[in-house]
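Here is the file start-v9.tsv (TSV, C-alpha atoms and all ligand atoms).
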```tsv
chain	number	residue	atom	x	y	z
A	1	PRO	CA	25.76	16.08	-15.94
A	2	GLN	CA	25.70	15.37	-19.71
A	3	ILE	CA	24.62	11.75	-19.14
A	4	ARG	CA	21.92	13.02	-16.80
A	5	LYS	CA	20.66	15.49	-19.39
A	6	MET	CA	20.54	12.75	-22.02
A	7	LEU	CA	18.66	10.35	-19.73
A	8	ALA	CA	16.24	12.82	-18.22
A	9	PHE	CA	13.35	12.45	-20.61
A	10	GLY	CA	10.27	14.43	-19.82
A	11	VAL	CA	10.38	18.09	-18.99
A	12	CYS	CA	7.30	20.03	-17.99
A	13	THR	CA	7.01	22.63	-20.73
A	14	SER	CA	3.75	24.15	-19.50
A	15	THR	CA	3.79	27.93	-19.42
A	16	VAL	CA	0.84	28.12	-17.01
A	17	GLN	CA	1.25	30.79	-14.35
A	18	LEU	CA	-0.39	30.45	-10.94
A	19	PRO	CA	-1.23	33.87	-9.46
A	20	GLY	CA	-4.13	33.53	-7.01
A	21	LYS	CA	-3.76	29.75	-6.88
A	22	VAL	CA	-3.10	27.83	-3.68
A	23	ALA	CA	-1.01	24.64	-3.46
A	24	ILE	CA	0.05	22.22	-0.76
A	25	VAL	CA	3.15	20.04	-1.17
A	26	THR	CA	3.78	17.38	1.47
A	27	GLY	CA	7.38	16.56	2.37
A	28	ALA	CA	8.49	19.81	0.75
A	29	ASN	CA	11.62	20.43	2.80
A	30	THR	CA	13.83	18.07	0.76
A	31	GLY	CA	14.27	16.34	-2.57
A	32	ILE	CA	11.53	16.22	-5.17
A	33	GLY	CA	8.99	17.98	-2.94
A	34	LYS	CA	11.25	20.98	-2.42
A	35	GLU	CA	11.84	21.40	-6.17
A	36	THR	CA	8.13	20.96	-6.89
A	37	ALA	CA	7.24	23.63	-4.33
A	38	LYS	CA	9.92	25.96	-5.70
A	39	GLU	CA	8.53	25.77	-9.24
A	40	LEU	CA	4.95	26.33	-8.06
A	41	ALA	CA	6.16	29.37	-6.13
A	42	ARG	CA	8.11	30.61	-9.16
A	43	ARG	CA	4.83	30.57	-11.09
A	44	GLY	CA	3.16	32.75	-8.47
A	45	ALA	CA	1.12	30.30	-6.37
A	46	ARG	CA	0.74	30.58	-2.64
A	47	VAL	CA	2.53	27.40	-1.57
A	48	TYR	CA	2.16	25.57	1.72
A	49	LEU	CA	5.17	23.44	2.62
A	50	ALA	CA	3.60	20.69	4.72
A	51	CYS	CA	6.56	19.41	6.70
A	52	ARG	CA	7.24	17.13	9.63
A	53	ASP	CA	10.12	19.33	10.72
A	54	VAL	CA	8.96	22.97	10.79
A	55	GLN	CA	12.45	24.37	11.42
A	56	LYS	CA	13.86	22.68	8.31
A	57	GLY	CA	10.75	23.78	6.44
A	58	GLU	CA	11.31	27.43	7.43
A	59	LEU	CA	14.87	27.35	6.10
A	60	VAL	CA	13.63	25.98	2.79
A	61	ALA	CA	10.76	28.49	2.65
A	62	ARG	CA	13.26	31.33	3.03
A	63	GLU	CA	15.43	29.83	0.31
A	64	ILE	CA	12.46	29.50	-2.06
A	65	GLN	CA	11.32	33.05	-1.27
A	66	ALA	CA	14.80	34.35	-2.07
A	67	VAL	CA	15.17	32.40	-5.30
A	68	THR	CA	11.66	33.01	-6.67
A	69	GLY	CA	10.86	36.42	-5.17
A	70	ASN	CA	7.51	34.96	-4.06
A	71	GLN	CA	6.92	35.70	-0.37
A	72	GLN	CA	3.77	33.55	-0.28
A	73	VAL	CA	5.63	30.41	0.77
A	74	LEU	CA	4.32	29.18	4.08
A	75	VAL	CA	5.35	26.34	6.36
A	76	ARG	CA	2.90	24.25	8.34
A	77	LYS	CA	3.51	21.25	10.56
A	78	LEU	CA	2.33	17.97	9.07
A	79	ASP	CA	3.38	14.59	10.41
A	80	LEU	CA	1.73	11.97	8.23
A	81	ALA	CA	2.57	9.33	10.82
A	82	ASP	CA	0.05	10.85	13.21
A	83	THR	CA	-3.62	11.28	12.28
A	84	LYS	CA	-4.09	13.86	15.07
A	85	CYS	CA	-1.44	16.02	13.40
A	86	ILE	CA	-3.05	15.53	9.97
A	87	ARG	CA	-6.42	16.62	11.39
A	88	ALA	CA	-4.85	19.64	13.13
A	89	PHE	CA	-3.09	20.64	9.88
A	90	THR	CA	-6.29	20.47	7.82
A	91	LYS	CA	-8.37	22.22	10.51
A	92	ASP	CA	-6.00	25.20	10.48
A	93	PHE	CA	-5.66	25.19	6.70
A	94	LEU	CA	-9.42	25.12	6.15
A	95	ALA	CA	-9.88	28.01	8.59
A	96	GLU	CA	-7.07	29.98	6.97
A	97	GLU	CA	-7.59	29.47	3.23
A	98	LYS	CA	-10.59	29.96	0.97
A	99	HIS	CA	-9.19	27.79	-1.81
A	100	LEU	CA	-7.00	24.81	-2.61
A	101	HIS	CA	-6.20	24.21	-6.27
A	102	ILE	CA	-3.26	21.81	-6.18
A	103	LEU	CA	-2.53	19.10	-3.61
A	104	ILE	CA	0.73	17.23	-4.13
A	105	ASN	CA	0.96	14.14	-1.95
A	106	ASN	CA	4.71	13.80	-2.26
A	107	ALA	CA	6.12	12.85	1.17
A	108	GLY	CA	7.34	9.33	1.62
A	109	VAL	CA	9.46	6.91	3.58
A	110	MET	CA	11.36	3.97	2.11
A	111	MET	CA	12.76	0.77	3.59
A	112	CYS	CA	12.55	1.76	7.22
A	113	PRO	CA	12.89	-0.94	9.86
A	114	TYR	CA	9.58	-2.32	11.10
A	115	SER	CA	7.90	0.46	13.02
A	116	LYS	CA	4.46	1.87	13.56
A	117	THR	CA	2.81	5.25	13.27
A	118	ALA	CA	1.19	6.96	16.26
A	119	ASP	CA	-2.05	5.19	15.29
A	120	GLY	CA	-0.45	1.74	15.06
A	121	PHE	CA	-0.21	1.50	11.25
A	122	GLU	CA	2.88	-0.02	9.63
A	123	MET	CA	5.09	2.98	8.77
A	124	HIS	CA	5.13	2.70	4.94
A	125	MET	CA	1.41	2.00	4.63
A	126	GLY	CA	0.69	4.55	7.37
A	127	VAL	CA	2.68	7.48	5.98
A	128	ASN	CA	2.76	6.85	2.23
A	129	HIS	CA	-0.83	5.68	1.80
A	130	LEU	CA	-3.09	6.14	4.84
A	131	GLY	CA	-1.68	9.54	5.85
A	132	HIS	CA	-2.23	10.96	2.37
A	133	PHE	CA	-5.60	9.20	2.10
A	134	LEU	CA	-6.80	10.98	5.24
A	135	LEU	CA	-5.26	14.31	4.24
A	136	THR	CA	-6.96	14.20	0.83
A	137	HIS	CA	-10.31	13.24	2.36
A	138	LEU	CA	-10.24	16.14	4.78
A	139	LEU	CA	-9.40	18.56	1.96
A	140	LEU	CA	-11.85	17.24	-0.63
A	141	GLU	CA	-14.60	19.79	0.00
A	142	LYS	CA	-12.13	22.65	-0.34
A	143	LEU	CA	-10.76	21.12	-3.55
A	144	LYS	CA	-14.33	20.81	-4.88
A	145	GLU	CA	-15.12	24.43	-4.03
A	146	SER	CA	-11.90	25.49	-5.81
A	147	ALA	CA	-12.44	23.37	-8.95
A	148	PRO	CA	-10.81	22.94	-11.37
A	149	SER	CA	-8.35	21.44	-8.94
A	150	ARG	CA	-5.87	18.56	-8.96
A	151	VAL	CA	-4.48	15.92	-6.62
A	152	ILE	CA	-1.10	14.42	-7.51
A	153	ASN	CA	0.02	11.25	-5.73
A	154	VAL	CA	3.73	10.53	-5.98
A	155	SER	CA	4.05	6.77	-6.37
A	156	SER	CA	6.91	4.74	-7.85
A	157	PHE	CA	7.90	2.19	-10.48
A	158	GLY	CA	8.47	0.02	-7.39
A	159	HIS	CA	4.70	-0.52	-7.29
A	160	HIS	CA	5.28	-3.34	-9.80
A	161	LEU	CA	6.62	-5.44	-6.91
A	162	GLY	CA	3.77	-4.40	-4.61
A	163	ARG	CA	0.77	-6.48	-3.60
A	164	ILE	CA	-2.19	-5.59	-1.42
A	165	HIS	CA	-2.49	-8.45	1.05
A	166	PHE	CA	-5.49	-7.45	3.13
A	167	HIS	CA	-4.61	-10.02	5.80
A	168	ASN	CA	-1.12	-8.50	6.13
A	169	LEU	CA	-1.75	-4.82	5.43
A	170	GLN	CA	0.16	-3.76	8.56
A	171	GLY	CA	2.96	-6.32	8.10
A	172	GLU	CA	1.54	-8.24	11.02
A	173	LYS	CA	2.31	-11.69	9.49
A	174	PHE	CA	5.32	-10.96	7.31
A	175	TYR	CA	7.51	-7.88	6.89
A	176	HIS	CA	10.16	-6.95	4.36
A	177	SER	CA	11.11	-3.27	4.31
A	178	GLY	CA	11.61	-3.10	0.52
A	179	LEU	CA	8.35	-4.86	-0.23
A	180	ALA	CA	6.50	-2.76	2.36
A	181	TYR	CA	7.56	0.34	0.39
A	182	CYS	CA	6.37	-1.23	-2.88
A	183	HIS	CA	3.01	-2.21	-1.35
A	184	SER	CA	2.45	1.37	-0.19
A	185	LYS	CA	3.36	2.74	-3.63
A	186	LEU	CA	0.88	0.32	-5.22
A	187	ALA	CA	-1.70	1.65	-2.74
A	188	ASN	CA	-0.96	5.19	-4.04
A	189	ILE	CA	-1.92	4.14	-7.57
A	190	LEU	CA	-5.02	2.22	-6.49
A	191	PHE	CA	-6.09	5.24	-4.43
A	192	THR	CA	-5.59	7.54	-7.44
A	193	ARG	CA	-7.68	5.34	-9.73
A	194	GLU	CA	-10.52	4.94	-7.24
A	195	LEU	CA	-10.44	8.65	-6.36
A	196	ALA	CA	-10.65	9.55	-10.06
A	197	ARG	CA	-13.64	7.23	-10.48
A	198	ARG	CA	-15.44	8.74	-7.50
A	199	LEU	CA	-14.67	12.32	-8.49
A	200	GLN	CA	-15.88	12.14	-12.08
A	201	GLY	CA	-17.70	15.36	-12.89
A	202	SER	CA	-16.61	17.08	-9.67
A	203	GLY	CA	-13.96	19.28	-11.30
A	204	ILE	CA	-11.20	17.59	-9.26
A	205	THR	CA	-8.86	15.37	-11.23
A	206	THR	CA	-6.08	13.16	-9.93
A	207	TYR	CA	-2.91	11.56	-11.25
A	208	SER	CA	-0.24	9.24	-9.92
A	209	VAL	CA	3.39	9.76	-10.76
A	210	HIS	CA	6.69	7.90	-10.96
A	211	PRO	CA	9.34	10.62	-10.65
A	212	GLY	CA	12.19	8.48	-11.99
A	213	SER	CA	15.25	7.36	-10.06
A	214	VAL	CA	16.28	10.49	-8.24
A	215	ILE	CA	19.18	11.49	-5.99
A	216	SER	CA	17.55	12.26	-2.65
A	217	GLU	CA	17.46	11.46	1.04
A	218	LEU	CA	14.90	8.70	0.47
A	219	THR	CA	17.61	6.06	0.83
A	220	ARG	CA	18.42	7.16	4.39
A	221	HIS	CA	17.23	3.87	5.93
A	222	SER	CA	19.03	1.51	3.55
A	223	SER	CA	22.81	1.24	3.17
A	224	PHE	CA	22.24	-1.03	0.13
A	225	MET	CA	20.16	1.65	-1.63
A	226	ARG	CA	22.71	4.30	-0.67
A	227	PHE	CA	25.44	2.15	-2.23
A	228	MET	CA	23.35	1.69	-5.39
A	229	SER	CA	22.76	5.46	-5.56
A	230	TRP	CA	26.49	6.01	-5.27
A	231	LEU	CA	27.20	3.39	-7.97
A	232	PHE	CA	24.68	4.78	-10.44
A	233	TYR	CA	25.05	8.41	-9.36
A	234	TYR	CA	25.45	9.81	-12.88
A	235	PHE	CA	22.44	7.88	-14.15
A	236	LEU	CA	20.08	9.30	-11.54
A	237	LYS	CA	17.92	12.35	-12.00
A	238	THR	CA	18.45	15.47	-9.95
A	239	PRO	CA	15.52	16.39	-7.66
A	240	GLN	CA	14.64	19.17	-10.10
A	241	GLN	CA	14.41	16.67	-12.93
A	242	GLY	CA	12.48	14.34	-10.62
A	243	ALA	CA	9.90	17.06	-9.97
A	244	GLN	CA	9.01	17.46	-13.67
A	245	THR	CA	6.29	14.80	-13.88
A	246	SER	CA	4.52	16.05	-10.74
A	247	LEU	CA	4.63	19.55	-12.21
A	248	TYR	CA	3.44	18.30	-15.59
A	249	CYS	CA	0.40	16.68	-13.96
A	250	ALA	CA	-0.30	19.73	-11.82
A	251	LEU	CA	0.04	22.29	-14.60
A	252	THR	CA	-0.63	20.91	-18.05
A	253	GLU	CA	-3.82	22.21	-19.61
A	254	GLY	CA	-6.29	19.68	-20.97
A	255	LEU	CA	-5.02	16.80	-18.84
A	256	GLU	CA	-8.42	16.34	-17.18
A	257	VAL	CA	-9.45	13.56	-19.57
A	258	LEU	CA	-6.53	11.49	-18.27
A	259	SER	CA	-7.61	11.65	-14.63
A	260	GLY	CA	-6.74	8.44	-12.78
A	261	ASN	CA	-3.77	7.64	-15.02
A	262	HIS	CA	-0.18	6.99	-14.00
A	263	PHE	CA	2.59	9.20	-15.41
A	264	SER	CA	6.33	8.92	-15.82
A	265	ASP	CA	8.66	11.24	-17.77
A	266	CYS	CA	5.67	13.54	-18.40
A	267	ARG	CA	3.54	10.98	-20.21
A	268	VAL	CA	1.06	8.26	-19.35
A	269	THR	CA	2.76	5.00	-18.53
A	270	TRP	CA	1.71	1.43	-17.83
A	271	VAL	CA	1.02	0.04	-14.40
A	272	SER	CA	1.01	-3.50	-13.05
A	273	ALA	CA	-2.04	-5.77	-13.31
A	274	GLN	CA	-2.57	-5.36	-9.54
A	275	ALA	CA	-2.69	-1.59	-9.97
A	276	ARG	CA	-5.47	-1.97	-12.54
A	277	ASN	CA	-7.59	-4.22	-10.33
A	278	GLU	CA	-10.77	-2.25	-9.60
A	279	THR	CA	-12.01	-4.73	-7.02
A	280	VAL	CA	-8.82	-4.34	-5.00
A	281	ALA	CA	-8.99	-0.54	-5.42
A	282	ARG	CA	-12.54	-0.40	-4.05
A	283	ARG	CA	-11.77	-2.75	-1.18
A	284	LEU	CA	-8.62	-0.82	-0.28
A	285	TRP	CA	-10.70	2.36	-0.24
A	286	ASP	CA	-13.23	0.81	2.18
A	287	VAL	CA	-10.53	-0.74	4.39
A	288	SER	CA	-8.65	2.59	4.51
A	289	CYS	CA	-11.83	4.45	5.53
A	290	ASP	CA	-12.46	1.84	8.18
A	291	LEU	CA	-8.92	2.08	9.60
A	292	LEU	CA	-9.09	5.88	9.69
A	293	GLY	CA	-12.57	6.09	11.16
A	294	LEU	CA	-13.99	7.72	8.03
A	295	PRO	CA	-17.51	6.87	6.87
A	296	VAL	CA	-17.46	4.09	4.25
A	297	ASP	CA	-19.68	5.15	1.35
A	301	LIG	N1	14.02	9.32	-5.07
A	301	LIG	C1	13.56	8.40	-5.92
A	301	LIG	O1	14.33	7.81	-6.70
A	301	LIG	C2	12.10	8.08	-5.96
A	301	LIG	C3	11.67	7.09	-6.86
A	301	LIG	C4	10.32	6.78	-6.90
A	301	LIG	C5	9.43	7.45	-6.08
A	301	LIG	N2	9.88	8.39	-5.21
A	301	LIG	C6	8.89	9.06	-4.35
A	301	LIG	O2	9.09	10.45	-4.39
A	301	LIG	C7	8.61	11.05	-3.19
A	301	LIG	C8	9.62	12.07	-2.67
A	301	LIG	O3	10.78	11.37	-2.31
A	301	LIG	P1	12.26	11.99	-2.40
A	301	LIG	O4	13.03	11.12	-3.30
A	301	LIG	O5	12.21	13.43	-2.64
A	301	LIG	O6	12.78	11.66	-0.92
A	301	LIG	P2	13.12	12.62	0.34
A	301	LIG	O7	13.44	11.68	1.44
A	301	LIG	O8	14.12	13.63	-0.06
A	301	LIG	O9	11.74	13.34	0.60
A	301	LIG	C9	10.69	12.74	1.30
A	301	LIG	C10	10.02	13.78	2.14
A	301	LIG	O10	8.96	13.15	2.89
A	301	LIG	C11	9.01	13.65	4.21
A	301	LIG	N3	8.39	12.74	5.17
A	301	LIG	C12	8.80	11.50	5.54
A	301	LIG	N4	8.01	11.04	6.52
A	301	LIG	C13	7.08	11.99	6.77
A	301	LIG	C14	6.01	12.12	7.69
A	301	LIG	N5	5.75	11.16	8.60
A	301	LIG	N6	5.27	13.23	7.67
A	301	LIG	C15	5.54	14.22	6.79
A	301	LIG	N7	6.55	14.18	5.92
A	301	LIG	C16	7.31	13.07	5.91
A	301	LIG	C17	10.50	13.84	4.49
A	301	LIG	O11	10.69	14.70	5.59
A	301	LIG	C18	10.94	14.43	3.17
A	301	LIG	O12	10.73	15.82	3.17
A	301	LIG	C19	8.34	9.90	-2.22
A	301	LIG	O13	6.94	9.66	-2.17
A	301	LIG	C20	9.04	8.72	-2.87
A	301	LIG	O14	8.42	7.49	-2.56
A	301	LIG	C21	11.20	8.72	-5.14
```
When written as structure tokens, how does the structure in this file appear?
Amino acid sequence: PQIRKMLAFGVCTSTVQLPGKVAIVTGANTGIGKETAKELARRGARVYLACRDVQKGELVAREIQAVTGNQQVLVRKLDLADTKCIRAFTKDFLAEEKHLHILINNAGVMMCPYSKTADGFEMHMGVNHLGHFLLTHLLLEKLKESAPSRVINVSSFGHHLGRIHFHNLQGEKFYHSGLAYCHSKLANILFTRELARRLQGSGITTYSVHPGSVISELTRHSSFMRFMSWLFYYFLKTPQQGAQTSLYCALTEGLEVLSGNHFSDCRVTWVSAQARNETVARRLWDVSCDLLGLPVD
């Protein structure tokens, strides 16, 4: 624990409270998402836990309610591997809620064997990028109406190994589970940058985040990564420490001028050359719209 404390740079020191604010956290039933949701609830927000498994979500919601005393913790079904489910989630949310101030696109899969989403997208690209891309699109009007509002996209340092190969976006020609994860995390950063550009002046700002190396269930598909987690256990962050940069980006006052930037340990950090390529960002935006049946503008 001492080593962990020494290594865990970056703590969200914001004192902002969130009464009357509404937040959605995807993948909030475990790991970083759960701790992020807990802190938002502690600060008084109404928090939607957008979870694939509603039963697990309900258990976590009860736990968060008990720990924070905030009863406004709600669970809704969201499977990012199924665009029908994403549309159903947003339809209900939009009917139910007048506002959305904070959207945390946190859910993710890593190193799963080659598989496809309900819509035929490669799983990493489908869940980590396209699912959140669609979710954000469908919630944009609500975010605009609720401005100032923020969208946080949880990416990874792994994006440095990522490339956007438009001819192989769905792993149709070549597939490596580790690289597929990195490609999708690069897509998260490119999406953030392009979203920030398009939303200038709208009152919505957006940030991408590397949470650090965190003990979580993310390694479930890879025995190698589980072994590495075991080996470096004391050097990894706890999920609570891993949630700090997402919280920093969601809560810190005056961060608007840094919209589109990538953060790690609660400060702006550098991204790969690919992640700074505006041409790729714009093309990825158009291709994503096309794949999801959204109008390309
Ligand atoms: N743990 C790390 O070291 C680390 C490092 C860099 C980035 N990240 C990123 O942090 C985020 C959170 O990961 P974590 O470490 O807490 O892992 P985790 O596995 O504990 O949490 C991921 C969450 O995403 C959910 N999820 C997976 N597929 C989904 C789907 N189809 N629909 C809806 N939800 C789905 C899971 O149910 C889970 O709640 C991920 O985006 C991950 O890429 C984690």
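Of the listed residues (A:Gln72, A:Asn128, A:Ser202, A:Thr136), A:Ser202 comes nearest to Ser259 (chain A); the distances count all atoms listed in the file.
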Please identify the residues whose atoms come within 7 Å of ligand LIG 301 (chain A), using all atoms listed in the file, and report them as JSON, numbers by chain. {"A": [26, 27, 28, 29, 30, 31, 32, 33, 51, 52, 53, 78, 79, 80, 81, 106, 107, 108, 109, 110, 127, 128, 154, 155, 156, 157, 210, 211, 212, 213, 214, 215, 216, 217, 218, 239]}
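Considering the residues A:Leu135, A:Ile164, A:Ala196, A:Met228 and counting all atoms listed in the file, Asn277 (chain A) has its shortest atom-to-atom contact with A:Ile164.
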Non-local contacts of Thr117 (chain A) (7 Å; only C-alpha atoms; under 3 positions in same chain excluded) as number ranges by chain: A: 81-82, 120-123, 126
List the neighbours of Ser288 (chain A) out to 10 Å using all atoms listed in the file; skip same-chain residues closer than 5 positions along the sequence, and give me the result as a list in words. Gly126, His129, Leu130, Gly131, Phe133, Leu134, Phe191, Arg282, Arg283, Gly293, Leu294 and Val296 of chain A
Select all residues near (0.7, 28.5, 0.0) (cut-off 8 Å, inclusive, file coordinates), counting only C-alpha atoms, and output them as a VMD selection string. chain A and resid 22 to 24 45 to 49 72 to 74
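The coordinates place CA of Glu253 (chain A) at 9.5 Å from CA of Thr15 (chain A).
The coordinates place CA of Arg267 (chain A) at 29.3 Å from CA of Val60 (chain A).
Minimum distance to Asp297 (chain A) across A:Ala250, A:Arg198, A:Glu58, A:Asn188 (counting all atoms listed in the file) occurs at A:Arg198.
The coordinates place CA of Gln17 (chain A) at 4.8 Å from CA of Arg43 (chain A).
The shortest atom-to-atom distance to Gln244 (chain A), with only C-alpha atoms taken into account, belongs to A:Thr13 out of A:Ser177, A:Ser229, A:Thr13, A:Thr206.
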A:Val209, A:Val257, A:Cys182, A:Cys112: which is nearest Arg197 (chain A), counting all atoms listed in the file? A:Val257
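Across A:His221, A:Lys98, A:Lys142, A:Arg163, the tightest approach to Lys185 (chain A) is made by A:Arg163 when counting only C-alpha atoms.
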Report as number ranges by chain all protein, DNA and RNA residues lying within 10 Å of His99 (chain A), evaluated on all atoms listed in the file, omitting residues in the same chain fewer than 6 positions from it. A: 20-23, 93, 139, 141-147, 149
